[in-house]
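S.K.: One file: protein.txt (compact mmCIF, C-alpha atoms).
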# COMPACT_ATOMS: atom_id res chain seq x y z
CA MET Z 1 39.94 -4.40 12.08
CA SER Z 2 39.56 -1.21 10.08
CA SER Z 3 42.19 1.28 9.05
CA LYS Z 4 42.45 4.62 10.83
CA GLN Z 5 41.19 6.39 7.72
CA LEU Z 6 38.09 4.23 7.54
CA GLU Z 7 37.49 4.59 11.27
CA SER Z 8 37.73 8.33 10.79
CA ILE Z 9 35.01 8.23 8.13
CA LEU Z 10 32.84 5.98 10.30
CA SER Z 11 33.24 8.22 13.31
CA ARG Z 12 31.59 11.10 11.49
CA VAL Z 13 28.33 9.32 10.79
CA PRO Z 14 25.70 7.78 13.06
CA ALA Z 15 24.82 4.11 13.29
CA ALA Z 16 21.92 3.05 11.09
CA THR Z 17 19.98 1.83 14.08
CA ALA Z 18 19.72 2.96 17.68
CA THR Z 19 21.50 0.11 19.40
CA TYR Z 20 22.00 -0.30 23.13
CA THR Z 21 25.59 0.90 22.87
CA THR Z 22 24.69 4.01 20.92
CA MET Z 23 21.73 5.01 23.09
CA ARG Z 24 22.53 7.36 25.91
CA LYS Z 25 20.43 7.42 29.00
CA VAL Z 26 18.87 10.83 29.21
CA GLN Z 27 18.87 12.34 32.68
CA TYR Z 28 15.64 14.24 33.00
CA PRO Z 29 15.39 16.70 35.90
CA GLN Z 30 13.27 15.32 38.70
CA PRO Z 31 10.27 17.57 39.32
CA THR Z 32 9.88 18.95 42.81
CA PRO Z 33 6.58 18.15 44.56
CA ALA Z 34 5.41 21.72 44.01
CA SER Z 35 6.00 21.47 40.27
CA LEU Z 36 4.48 18.02 39.83
CA PRO Z 37 2.01 18.22 36.99
CA LYS Z 38 -1.57 17.30 37.74
CA GLU Z 39 -2.12 13.68 36.77
CA GLN Z 40 -3.98 13.34 33.49
CA THR Z 41 -7.16 11.34 33.58
CA GLU Z 42 -9.49 9.79 31.03
CA ARG Z 43 -13.09 8.75 31.47
CA ILE Z 44 -14.16 5.15 30.85
CA THR Z 45 -17.79 4.09 30.79
CA ALA Z 46 -19.14 0.57 30.94
CA VAL Z 47 -22.68 -0.64 30.53
CA VAL Z 48 -23.22 -3.60 32.85
CA PRO Z 49 -26.25 -5.72 33.72
CA LYS Z 50 -28.48 -4.14 36.38
CA LYS Z 51 -27.83 -7.10 38.66
CA ILE Z 52 -24.11 -6.26 38.78
CA LYS Z 53 -24.78 -2.58 39.34
CA ASP Z 54 -27.05 -3.52 42.28
CA GLU Z 55 -24.33 -5.73 43.72
CA ILE Z 56 -21.83 -2.84 43.42
CA ARG Z 57 -24.24 -0.56 45.29
CA PHE Z 58 -24.63 -3.18 48.00
CA TYR Z 59 -20.84 -3.57 48.25
CA LEU Z 60 -20.35 0.20 48.51
CA THR Z 61 -22.96 0.43 51.24
CA ASN Z 62 -20.99 -2.07 53.29
CA ASN Z 63 -17.63 -0.47 52.35
CA PRO Z 64 -18.19 3.29 52.64
CA THR Z 65 -14.49 4.14 52.12
CA GLU Z 66 -14.56 2.75 48.57
CA THR Z 67 -15.99 4.01 45.28
CA GLU Z 68 -16.97 2.50 41.94
CA ARG Z 69 -13.66 3.78 40.59
CA ILE Z 70 -11.74 1.92 43.32
CA ILE Z 71 -13.64 -1.28 42.58
CA ILE Z 72 -12.71 -1.10 38.90
CA LEU Z 73 -9.07 -0.29 39.67
CA LYS Z 74 -8.89 -3.17 42.15
CA GLY Z 75 -10.26 -5.50 39.49
CA LEU Z 76 -7.68 -4.25 36.99
CA LYS Z 77 -4.93 -4.78 39.55
CA LEU Z 78 -6.05 -8.38 40.01
CA LEU Z 79 -5.72 -8.81 36.23
CA GLY Z 80 -2.10 -7.69 36.43
CA PHE Z 81 -2.38 -4.01 35.54
CA GLU Z 82 0.07 -1.74 37.33
CA ILE Z 83 -2.12 0.22 39.70
CA GLU Z 84 -0.49 2.21 42.45
CA ASP Z 85 -1.96 1.65 45.91
CA SER Z 86 -2.40 5.41 46.25
CA LEU Z 87 -5.10 5.16 43.59
CA LEU Z 88 -7.06 2.69 45.69
CA VAL Z 89 -7.97 5.31 48.25
CA ASP Z 90 -11.04 7.53 48.13
CA LYS Z 91 -9.45 10.99 48.08
CA ARG Z 92 -12.75 12.82 48.26
CA SER Z 93 -12.66 12.65 52.06
CA THR Z 94 -9.13 14.15 52.21
CA ARG Z 95 -9.86 17.21 50.05
CA MET N 1 32.64 -17.81 -10.62
CA LYS N 2 33.63 -14.96 -8.34
CA SER N 3 30.58 -13.50 -6.68
CA LYS N 4 29.73 -9.86 -7.14
CA VAL N 5 28.37 -7.44 -4.59
CA ILE N 6 26.19 -4.56 -5.71
CA THR N 7 25.24 -1.91 -3.18
CA LEU N 8 22.48 0.59 -3.77
CA ALA N 9 23.29 3.75 -1.93
CA THR N 10 22.39 7.39 -1.77
CA SER N 11 21.94 9.63 1.22
CA LYS N 12 18.59 10.80 -0.17
CA GLY N 13 15.57 8.73 0.82
CA GLY N 14 12.90 7.84 -1.70
CA ALA N 15 15.24 7.77 -4.66
CA GLY N 16 14.29 4.21 -5.60
CA LYS N 17 17.01 2.15 -3.90
CA SER N 18 14.73 -0.54 -2.53
CA THR N 19 12.61 -0.73 -5.68
CA LEU N 20 15.67 -1.09 -7.88
CA ALA N 21 17.29 -3.58 -5.48
CA ARG N 22 14.20 -5.79 -5.44
CA ASN N 23 13.81 -5.65 -9.21
CA LEU N 24 17.46 -6.34 -10.00
CA ALA N 25 17.36 -9.32 -7.68
CA ALA N 26 14.09 -10.53 -9.18
CA HIS N 27 15.55 -10.27 -12.69
CA TRP N 28 18.53 -12.45 -11.83
CA PHE N 29 16.39 -14.82 -9.79
CA HIS N 30 14.01 -15.21 -12.75
CA LEU N 31 17.02 -16.16 -14.88
CA GLY N 32 17.78 -18.96 -12.41
CA MET N 33 20.63 -17.29 -10.55
CA ASP N 34 21.04 -17.81 -6.83
CA VAL N 35 20.91 -14.15 -5.90
CA ALA N 36 20.80 -12.84 -2.33
CA ILE N 37 19.52 -9.53 -1.03
CA ILE N 38 20.76 -7.94 2.17
CA ASP N 39 18.26 -5.43 3.48
CA ALA N 40 20.60 -3.07 5.30
CA ASP N 41 18.00 -0.33 5.43
CA PRO N 42 16.58 0.01 8.97
CA GLN N 43 13.25 0.81 7.31
CA GLY N 44 13.22 -2.81 6.10
CA SER N 45 11.15 -2.18 2.96
CA ILE N 46 12.37 -5.34 1.25
CA ILE N 47 12.33 -7.78 4.15
CA SER N 48 8.94 -6.59 5.38
CA ARG N 49 7.29 -7.21 2.00
CA HIS N 50 9.11 -10.45 1.25
CA ASP N 51 6.75 -13.41 1.10
CA ALA N 52 8.53 -16.68 1.81
CA ASN N 53 5.66 -18.53 0.12
CA GLY N 54 5.48 -16.23 -2.89
CA LEU N 55 7.07 -16.28 -6.33
CA LEU N 56 10.33 -14.92 -4.89
CA GLY N 57 10.07 -17.06 -1.79
CA LYS N 58 13.16 -19.12 -2.57
CA MET N 59 15.31 -16.03 -3.00
CA THR N 60 17.64 -15.37 -0.08
CA VAL N 61 16.60 -12.18 1.72
CA VAL N 62 18.36 -11.23 4.92
CA ALA N 63 17.95 -8.12 7.06
CA GLU N 64 21.16 -6.69 8.49
CA PRO N 65 20.96 -3.01 9.34
CA GLU N 66 23.93 -3.18 11.70
CA GLU N 67 27.59 -2.42 11.14
CA THR N 68 28.34 -6.15 10.93
CA VAL N 69 26.91 -6.18 7.40
CA GLY N 70 30.43 -6.74 6.04
CA ASN N 71 30.61 -10.11 7.78
CA LEU N 72 27.28 -11.13 6.28
CA VAL N 73 28.45 -10.13 2.80
CA ALA N 74 31.55 -12.30 3.24
CA GLU N 75 29.38 -15.21 4.41
CA LEU N 76 26.90 -14.94 1.54
CA LYS N 77 29.68 -14.62 -1.04
CA GLU N 78 30.53 -18.26 -0.42
CA LYS N 79 27.15 -19.39 -1.76
CA HIS N 80 25.72 -16.67 -3.97
CA PRO N 81 27.12 -15.36 -7.25
CA ILE N 82 25.31 -12.05 -6.83
CA ILE N 83 24.60 -10.18 -3.61
CA ILE N 84 22.56 -7.01 -3.64
CA VAL N 85 22.69 -4.69 -0.64
CA ASP N 86 19.94 -2.15 -0.09
CA THR N 87 20.96 0.63 2.28
CA GLY N 88 19.20 3.35 4.26
CA GLY N 89 18.55 6.76 2.77
CA PHE N 90 20.95 8.62 5.03
CA ARG N 91 24.64 8.63 5.84
CA ASN N 92 25.28 5.85 8.32
CA LYS N 93 27.92 3.35 9.37
CA THR N 94 26.09 0.37 7.85
CA THR N 95 26.09 1.98 4.40
CA ILE N 96 29.82 2.71 4.68
CA ARG N 97 30.54 -0.88 5.72
CA SER N 98 28.42 -2.11 2.80
CA LEU N 99 30.30 0.12 0.37
CA VAL N 100 33.65 -1.11 1.66
CA ALA N 101 32.54 -4.65 0.80
CA THR N 102 31.02 -3.85 -2.58
CA ASP N 103 32.15 -4.31 -6.17
CA LEU N 104 29.75 -1.84 -7.70
CA ALA N 105 27.78 0.96 -6.08
CA ILE N 106 24.58 1.99 -7.80
CA ILE N 107 23.46 5.51 -6.93
CA PRO N 108 19.81 6.05 -7.86
CA LEU N 109 18.47 9.56 -8.24
CA LYS N 110 15.17 11.01 -9.30
CA PRO N 111 15.33 14.07 -11.54
CA SER N 112 15.25 16.53 -8.65
CA ALA N 113 17.74 18.89 -7.01
CA ASP N 114 17.61 17.06 -3.67
CA ASP N 115 18.28 13.71 -5.29
CA VAL N 116 21.22 15.16 -7.23
CA SER N 117 22.64 16.52 -3.95
CA GLY N 118 22.22 13.13 -2.30
CA ALA N 119 23.88 11.39 -5.25
CA LEU N 120 26.84 13.77 -5.26
CA GLU N 121 27.26 13.38 -1.51
CA THR N 122 27.30 9.60 -1.92
CA HIS N 123 29.78 9.89 -4.78
CA ASN N 124 32.07 11.95 -2.54
CA LEU N 125 31.72 9.35 0.21
CA ILE N 126 32.75 6.60 -2.22
CA GLN N 127 35.78 8.62 -3.33
CA GLU N 128 36.72 9.10 0.31
CA ILE N 129 36.41 5.36 1.01
CA ASN N 130 38.51 4.69 -2.09
CA ARG N 131 41.39 6.58 -0.47
CA THR N 132 41.41 4.24 2.56
CA PRO N 133 43.80 1.25 2.73
CA GLU N 134 40.74 -1.02 2.48
CA ARG N 135 39.94 0.11 -1.06
CA ILE N 136 42.88 2.04 -2.44
CA GLN N 137 44.06 -1.02 -4.39
CA SER N 138 40.63 -1.82 -5.79
CA PRO N 139 38.50 1.33 -5.80
CA ILE N 140 34.76 0.92 -5.59
CA LYS N 141 33.18 1.34 -9.01
CA TYR N 142 29.98 3.31 -9.15
CA ARG N 143 27.24 4.21 -11.57
CA MET N 144 24.44 6.70 -11.11
CA ILE N 145 21.02 5.87 -12.50
CA LEU N 146 18.05 8.09 -13.10
CA THR N 147 14.88 6.69 -11.56
CA MET N 148 11.17 7.45 -11.79
CA THR N 149 11.74 9.39 -14.99
CA GLN N 150 9.10 10.01 -17.60
CA GLN N 151 9.87 9.97 -21.28
CA GLY N 152 9.95 13.39 -22.88
CA ILE N 153 10.50 15.30 -19.60
CA ILE N 154 13.21 17.90 -20.06
CA ILE N 155 14.53 18.07 -16.48
CA ALA N 156 15.75 14.45 -16.56
CA ARG N 157 17.64 15.14 -19.78
CA HIS N 158 19.12 18.32 -18.28
CA ILE N 159 20.29 16.53 -15.15
CA ARG N 160 21.81 13.70 -17.18
CA THR N 161 23.65 16.15 -19.43
CA GLU N 162 24.95 18.16 -16.48
CA LEU N 163 26.15 15.09 -14.60
CA GLU N 164 27.83 13.60 -17.67
CA GLN N 165 29.51 16.89 -18.52
CA MET N 166 30.91 17.04 -14.98
CA GLY N 167 32.40 13.58 -15.54
CA PHE N 168 30.04 11.49 -13.43
CA LEU N 169 29.24 7.99 -14.65
CA VAL N 170 25.54 7.69 -15.39
CA LEU N 171 23.89 4.57 -16.79
CA LYS N 172 22.27 5.16 -20.17
CA ALA N 173 19.33 3.03 -19.06
CA GLU N 174 16.78 4.59 -16.75
CA MET N 175 14.20 3.18 -14.39
CA PHE N 176 11.13 4.83 -15.82
CA HIS N 177 8.18 5.75 -13.65
CA ARG N 178 5.79 2.80 -14.04
CA VAL N 179 2.90 1.72 -11.83
CA ALA N 180 3.96 -1.89 -12.33
CA TYR N 181 6.67 -1.44 -9.66
CA PRO N 182 4.50 -0.32 -6.73
CA GLU N 183 1.74 -2.71 -7.78
CA ALA N 184 4.11 -5.67 -7.68
CA ALA N 185 5.77 -4.38 -4.50
CA ILE N 186 2.51 -4.73 -2.56
CA ASN N 187 3.28 -8.46 -2.42
CA GLY N 188 7.04 -8.04 -2.34
CA LEU N 189 7.25 -8.96 -6.03
CA SER N 190 8.63 -7.48 -9.22
CA PRO N 191 7.34 -7.09 -12.77
CA CYS N 192 10.33 -9.26 -13.72
CA VAL N 193 8.51 -12.30 -12.31
CA ILE N 194 4.84 -11.44 -12.70
CA ASP N 195 5.04 -9.82 -16.14
CA PRO N 196 8.47 -10.71 -17.53
CA GLU N 197 7.53 -9.60 -21.06
CA GLY N 198 6.14 -6.25 -19.91
CA PRO N 199 7.76 -2.84 -20.32
CA ALA N 200 8.96 -2.58 -16.70
CA ALA N 201 10.71 -5.96 -16.92
CA ARG N 202 12.30 -4.86 -20.21
CA ASP N 203 13.58 -1.67 -18.53
CA ILE N 204 15.16 -3.71 -15.75
CA SER N 205 16.68 -6.05 -18.30
CA THR N 206 18.31 -3.09 -20.06
CA ILE N 207 19.62 -1.77 -16.74
CA VAL N 208 21.03 -5.21 -15.88
CA MET N 209 22.86 -5.41 -19.21
CA GLU N 210 24.64 -2.14 -18.44
CA ILE N 211 25.38 -3.20 -14.87
CA ASN N 212 26.88 -6.47 -16.14
CA ASN N 213 29.18 -4.44 -18.39
CA SER N 214 30.16 -2.25 -15.45
CA LEU N 215 31.07 -5.11 -13.09
Here is a file; write its structure as structure tokens.
M.R.:
Amino acid sequence: MSSKQLESILSRVPAATATYTTMRKVQYPQPTPASLPKEQTERITAVVPKKIKDEIRFYLTNNPTETERIIILKGLKLLGFEIEDSLLVDKRSTR
Amino acid sequence: MKSKVITLATSKGGAGKSTLARNLAAHWFHLGMDVAIIDADPQGSIISRHDANGLLGKMTVVAEPEETVGNLVAELKEKHPIIIVDTGGFRNKTTIRSLVATDLAIIPLKPSADDVSGALETHNLIQEINRTPERIQSPIKYRMILTMTQQGIIIARHIRTELEQMGFLVLKAEMFHRVAYPEAAINGLSPCVIDPEGPAARDISTIVMEINNSL
């Protein structure tokens, strides 16, 4: 239990660390669909054995609604990465 | 023997708090004293470099950057004759709690205007704490100390003279700028244990003698 004077001094300075009690949840404005920023993307390239590339081609021939990108994302999802289902759709046909 | 608590504090970062804290502790540890360091600086410079298997491995080093540091001081006082508290380089609740629990505050400052401002701000904070019921009966003692000074440099002498003329208590001993400190700090060590006869260890020994007289 601290005196009022000491509490007064303490109240004027911040905690040394950002603890759960001192952190305030920031309410960010929710963007409207019209103002949603375009999703940022990065390119990844992988060199794979020709045999695998041939198998991918064969798979895509039998699954025309999928792409190489979807195959990779599906594989990542199986590994536990958080991949939204909306990314597992070939959007080229909807443009 | 009543244990003593020494807190290194200044609201200016980079003034040499952690370096001095580590070296004071190493000096006493090298003399066979059961010294403890509380790393109350959220930056954790001391705890992060401390090697439990190294030459200072048996020294008690505890990180406590939270406001509960006062409880830890009370706990360690039961076992350790000397407790050194290193604080963060900004005004914060943990530093205030450490100062409330301390016997002697050491305020390090480099010979620079910003460091002098930080030291004066910390001095004012100590005076303010000394007016609270917690410390009005036994005011916190303090000493300023010039750090990272070089012999023959006029600005350090000027700052010392100015501070002393204004009535501030400044240790005669200084922590001179020596590469031995950062070199030893790479492994969380101190010249006091790896080169106890060297000039840096002698500087620390001189500082400790003055601190002992101030406690």
S.K.: Residues near Thr65 in chain Z, anyone? I mean within 8 Å using all atoms listed in the file, not counting same-chain ones fewer than 5 positions away, as a PyMOL selection string.
M.R.: chain Z and resi 60+89-90
S.K.: Compute the set of chain Z residues within 8 Å of chain N, using only C-alpha atoms, and express it as a ChimeraX atom specification.
M.R.: /Z:2-3,5-6,9-10,13-17
S.K.: When you draw a straight line from CA of Ile46 in chain N to CA of Tyr142 in chain N, how long is it in Å?
M.R.: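 Here the two named atoms are 22.2 Å from each other.
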S.K.: In Å, with one decimal, what is the gap from CA of Cys192 in chain N to CA of Ala9 in chain N?
M.R.: 21.8 Å
S.K.: Which residues, written as a VMD selection string, have at least one atom at most 12 Å from range 41-56 of chain Z, with all atoms listed in the file counted and residues fewer than 4 positions away on the same chain left out?
M.R.: chain Z and resid 37 60 to 64 66 to 73 87
S.K.: I'd like the interatomic distance between CA of Leu104 in chain N and CA of Ala63 in chain N, to a tenth of an Å.
M.R.: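 Between CA of Leu104 in chain N and CA of Ala63 in chain N the gap is 19.9 Å.
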S.K.: With all atoms listed in the file as the atoms that count, which of N:Ile38, N:Leu171, N:Val62, N:Leu120 lies nearest to Asn213 in chain N?
M.R.: N:Leu171
S.K.: Have a look at N:Leu24, N:Ile207, N:Ile47, N:Ile186 and name the one nearest to Ile145 in chain N; count all atoms listed in the file.
M.R.: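 Among the listed residues, N:Ile207 lies closest to Ile145 in chain N.
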S.K.: Would you please work out which residue, of N:Leu20, N:Ala25, N:Met175, N:Ile211, is nearest to Arg143 in chain N when using only C-alpha atoms?
M.R.: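 Of the candidates, the smallest distance to Arg143 in chain N is held by N:Ile211.
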S.K.: Please write a file for range 93-112 of chain N, taken from the block I just shared, that holds N, CA and C atoms and is laid out as a tab-separated table (two decimals), in the first residue's frame.
M.R.:
chain	number	residue	atom	x	y	z
N	93	LYS	N	7.46	3.74	-13.66
N	93	LYS	CA	7.00	3.33	-12.32
N	93	LYS	C	8.00	2.38	-11.65
N	94	THR	N	8.63	1.51	-12.43
N	94	THR	CA	9.57	0.55	-11.85
N	94	THR	C	10.76	1.28	-11.22
N	95	THR	N	11.26	2.30	-11.90
N	95	THR	CA	12.38	3.06	-11.35
N	95	THR	C	11.97	3.73	-10.04
N	96	ILE	N	10.77	4.28	-10.01
N	96	ILE	CA	10.30	4.95	-8.78
N	96	ILE	C	10.19	3.93	-7.64
N	97	ARG	N	9.63	2.77	-7.94
N	97	ARG	CA	9.51	1.73	-6.90
N	97	ARG	C	10.90	1.29	-6.43
N	98	SER	N	11.85	1.22	-7.36
N	98	SER	CA	13.22	0.83	-6.98
N	98	SER	C	13.82	1.88	-6.07
N	99	LEU	N	13.61	3.14	-6.43
N	99	LEU	CA	14.18	4.23	-5.62
N	99	LEU	C	13.58	4.25	-4.22
N	100	VAL	N	12.29	3.97	-4.14
N	100	VAL	CA	11.64	3.95	-2.82
N	100	VAL	C	12.30	2.91	-1.91
N	101	ALA	N	12.78	1.82	-2.53
N	101	ALA	CA	13.36	0.72	-1.75
N	101	ALA	C	14.87	0.83	-1.60
N	102	THR	N	15.47	1.92	-2.06
N	102	THR	CA	16.93	1.95	-2.12
N	102	THR	C	17.58	2.71	-0.96
N	103	ASP	N	18.82	2.36	-0.69
N	103	ASP	CA	19.59	3.10	0.31
N	103	ASP	C	20.39	4.22	-0.36
N	104	LEU	N	20.92	3.91	-1.52
N	104	LEU	CA	21.74	4.90	-2.22
N	104	LEU	C	21.41	4.86	-3.71
N	105	ALA	N	21.12	6.03	-4.26
N	105	ALA	CA	20.90	6.12	-5.70
N	105	ALA	C	22.16	6.66	-6.35
N	106	ILE	N	22.61	5.96	-7.37
N	106	ILE	CA	23.76	6.42	-8.13
N	106	ILE	C	23.22	6.95	-9.46
N	107	ILE	N	23.57	8.19	-9.77
N	107	ILE	CA	23.08	8.82	-11.00
N	107	ILE	C	24.26	9.01	-11.94
N	108	PRO	N	24.40	8.11	-12.92
N	108	PRO	CA	25.52	8.28	-13.85
N	108	PRO	C	25.21	9.33	-14.92
N	109	LEU	N	26.22	10.05	-15.32
N	109	LEU	CA	26.04	10.99	-16.43
N	109	LEU	C	27.33	11.14	-17.20
N	110	LYS	N	27.18	11.13	-18.51
N	110	LYS	CA	28.32	11.41	-19.38
N	110	LYS	C	28.49	12.94	-19.40
N	111	PRO	N	29.67	13.42	-19.78
N	111	PRO	CA	29.83	14.87	-19.86
N	111	PRO	C	29.13	15.44	-21.09
N	112	SER	N	27.80	15.50	-21.02
N	112	SER	CA	27.02	16.07	-22.12
N	112	SER	C	25.79	16.77	-21.55
